[in-house]
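entry_17.cif follows; it contains mmCIF, C-alpha atoms.
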data_my_file
loop_
_atom_site.label_atom_id
_atom_site.label_comp_id
_atom_site.auth_asym_id
_atom_site.auth_seq_id
_atom_site.Cartn_x
_atom_site.Cartn_y
_atom_site.Cartn_z
CA MET Z 1 -3.57 10.90 8.85
CA PHE Z 2 -5.09 10.54 5.37
CA LEU Z 3 -4.11 8.86 2.11
CA THR Z 4 -5.52 10.35 -1.07
CA ILE Z 5 -5.73 7.73 -3.81
CA THR Z 6 -5.92 9.30 -7.26
CA GLU Z 7 -8.49 8.16 -9.81
CA GLN Z 8 -5.77 6.43 -11.88
CA ALA Z 9 -4.46 4.57 -8.82
CA GLN Z 10 -8.01 3.60 -7.81
CA GLN Z 11 -8.60 2.10 -11.26
CA LYS Z 12 -5.38 0.07 -11.05
CA ILE Z 13 -6.22 -1.17 -7.54
CA GLU Z 14 -9.83 -1.99 -8.43
CA GLN Z 15 -8.72 -3.86 -11.57
CA THR Z 16 -6.37 -6.03 -9.50
CA CYS Z 17 -8.85 -6.53 -6.64
CA SER Z 18 -11.59 -7.59 -9.06
CA GLN Z 19 -9.43 -10.56 -10.13
CA HIS Z 20 -8.25 -11.45 -6.60
CA PRO Z 21 -10.93 -11.40 -3.90
CA GLY Z 22 -10.04 -10.57 -0.34
CA GLN Z 23 -9.37 -7.63 1.98
CA LEU Z 24 -7.05 -4.87 0.75
CA VAL Z 25 -4.58 -3.69 3.39
CA LEU Z 26 -1.62 -1.32 3.52
CA TYR Z 27 1.32 -3.36 4.75
CA TYR Z 28 4.81 -2.37 5.85
CA GLU Z 29 7.21 -5.12 4.83
CA SER Z 30 10.33 -4.97 6.98
CA ARG Z 31 11.72 -8.45 6.32
CA ILE Z 32 12.97 -7.88 2.79
CA GLY Z 33 16.56 -6.86 3.42
CA CYS Z 34 15.91 -3.40 2.00
CA THR Z 35 18.69 -0.85 2.32
CA CYS Z 36 16.15 1.94 2.94
CA GLY Z 37 16.76 4.20 5.93
CA ASN Z 38 13.71 2.85 7.73
CA ASN Z 39 14.57 -0.71 6.63
CA GLY Z 40 11.33 -1.56 4.85
CA ILE Z 41 8.74 -0.57 2.26
CA PHE Z 42 5.01 0.01 2.12
CA LEU Z 43 2.97 -2.17 -0.20
CA LEU Z 44 -0.62 -3.23 -0.70
CA LYS Z 45 -1.75 -6.75 0.06
CA ILE Z 46 -4.92 -8.65 -0.64
CA ILE Z 47 -5.44 -11.04 2.24
CA GLN Z 48 -8.00 -13.75 2.92
CA GLN Z 49 -7.74 -13.77 6.71
CA MET Z 50 -7.14 -10.76 8.92
CA ASP Z 51 -3.68 -10.67 10.48
CA SER Z 52 -3.54 -9.65 14.17
CA GLU Z 53 -0.59 -7.42 13.28
CA LEU Z 54 -3.02 -5.19 11.33
CA ASP Z 55 -4.23 -3.42 14.45
CA SER Z 56 -4.85 0.12 13.15
CA ILE Z 57 -6.78 1.85 10.39
CA LEU Z 58 -5.60 4.37 7.80
CA SER Z 59 -8.29 6.62 6.34
CA THR Z 60 -8.13 6.84 2.54
CA SER Z 61 -10.24 8.11 -0.33
CA LEU Z 62 -11.11 4.43 -1.01
CA GLY Z 63 -12.23 3.91 2.59
CA ASP Z 64 -10.41 2.68 5.67
CA LEU Z 65 -7.46 0.34 5.14
CA PRO Z 66 -6.11 -1.92 7.88
CA ILE Z 67 -2.45 -1.22 8.68
CA GLN Z 68 0.14 -2.22 11.27
CA GLY Z 69 -0.05 0.41 14.02
CA TRP Z 70 3.68 0.31 14.66
CA SER Z 71 4.32 1.39 11.03
CA LEU Z 72 2.34 4.64 11.26
CA PRO Z 73 5.35 6.75 12.38
CA PHE Z 74 6.92 6.07 8.95
CA LEU Z 75 4.01 7.92 7.28
CA ASP Z 76 3.06 11.60 7.15
CA GLU Z 77 -0.25 13.28 7.94
CA GLN Z 78 -1.14 13.76 4.25
CA MET Z 79 -0.05 11.31 1.56
CA LYS Z 80 -0.96 10.53 -2.03
CA LEU Z 81 -0.97 7.25 -3.93
CA ASP Z 82 -0.80 7.83 -7.68
CA TYR Z 83 -0.35 5.62 -10.74
CA ASN Z 84 2.33 6.13 -13.41
CA GLU Z 85 1.07 4.40 -16.53
CA THR Z 86 4.44 4.61 -18.31
CA LYS Z 87 6.16 2.73 -15.47
CA ASN Z 88 3.05 0.67 -14.60
CA ALA Z 89 3.73 1.61 -10.99
CA LEU Z 90 1.80 2.89 -8.00
CA ILE Z 91 3.72 5.74 -6.35
CA LEU Z 92 3.34 6.70 -2.68
CA ARG Z 93 4.47 10.19 -1.68
CA SER Z 94 3.86 12.86 0.90
CA ASP Z 95 4.78 16.49 1.43
CA SER Z 96 8.10 15.19 2.81
CA GLY Z 97 8.86 13.45 -0.49
CA LEU Z 98 8.81 10.04 -2.08
CA ILE Z 99 7.92 7.12 0.20
CA ASN Z 100 7.85 4.29 -2.40
CA ASP Z 101 8.06 4.67 -6.17
CA ASN Z 102 6.79 1.14 -6.86
CA VAL Z 103 4.04 0.09 -4.44
CA LEU Z 104 3.39 -3.55 -5.24
CA ILE Z 105 0.07 -5.32 -4.80
CA LEU Z 106 0.76 -8.76 -3.33
CA ASN Z 107 -1.27 -11.76 -2.23
CA GLU Z 108 -0.82 -13.48 1.13
CA ALA Z 109 1.96 -15.64 -0.32
CA ASN Z 110 3.81 -12.41 -1.25
CA HIS Z 111 3.42 -12.94 -4.99
CA ALA Z 112 2.96 -9.79 -7.07
CA LEU Z 113 -0.53 -9.48 -8.54
CA SER Z 114 -0.01 -6.50 -10.79
#
Turn the structure described in the file into structure tokens.
Amino acid sequence: MFLTITEQAQQKIEQTCSQHPGQLVLYYESRIGCTCGNNGIFLLKIIQQMDSELDSILSTSLGDLPIQGWSLPFLDEQMKLDYNETKNALILRSDSGLINDNVLILNEANHALS
């Protein structure tokens, strides 16, 4: 399993991370009341302390990102995270289609950082 992060997405992520120190993780939020078929969304989080729920690693073009192992079945073998400047949104997709058209970057208190 591999996540390609485009240059534009890397710049957006690095800009946000430079203003908010901590560990970047890929997080599957399932407690949001989403009406999605899999009942949750993927987002990025910048955390200060490692969460025991983040028990797996996802290889990316930015390096390894901690992730919840139980969320891996919701992802495909090859994915891409891109940035749409017009929408100011990170977009996660795979060969199977769109996974999330607005990947937020949150802090540990679940406040949007970008």
Using only C-alpha atoms, the best pick from Z:Ser61, Z:Gln68, Z:Phe74, Z:Ser18 as closest to Ile46 in chain Z would be Z:Ser18
Taking all atoms listed in the file into account, which of Z:His111, Z:Met79, Z:Ala9, Z:Ser71 comes nearest Ser94 in chain Z?
->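 Of Z:His111, Z:Met79, Z:Ala9, Z:Ser71, the one nearest Ser94 in chain Z, counting all atoms listed in the file, is Z:Met79.
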Ground truth for the PyMOL selection byres ((chain Z and resi 21-23) around 10), written as an MDAnalysis selection string = chainID Z and resid 16:20 24:25 45:50 65:66 107:108
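We find CA of Leu106 in chain Z and CA of Ile5 in chain Z to be spaced 17.7 Å apart.
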Z:Asp82, Z:Glu53, Z:Glu14, Z:Glu7 ranked by distance to Tyr28 in chain Z, top pick (using all atoms listed in the file) =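 Checking each of Z:Asp82, Z:Glu53, Z:Glu14, Z:Glu7 against Tyr28 in chain Z, counting all atoms listed in the file, the winner is Z:Glu53.
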How many Å separate CA of Ile105 in chain Z from CA of Ser59 in chain Z?
->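 We find that CA of Ile105 in chain Z and CA of Ser59 in chain Z lie 18.3 Å from each other.
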Just give me the gap between CA of Leu72 in chain Z and CA of Phe42 in chain Z in Å, one decimal is fine.
->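 Going from CA of Leu72 in chain Z over to CA of Phe42 in chain Z covers 10.6 Å.
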Residues matched by the PyMOL selection byres ((chain Z and resi 4) around 8), written as number ranges by chain | Z: 2-3, 5-6, 60-61, 78-81
Which one of Z:Met1, Z:Leu54, Z:Leu98, Z:Leu44 sits closest to Ala112 in chain Z if you count all atoms listed in the file?
-> Z:Leu44
For Val103 in chain Z, the nearest of the candidates Z:Leu43, Z:Asp76, Z:Ile13, Z:Ser30, counting only C-alpha atoms =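 Between Z:Leu43, Z:Asp76, Z:Ile13, Z:Ser30, the residue approaching Val103 in chain Z most closely is Z:Leu43.
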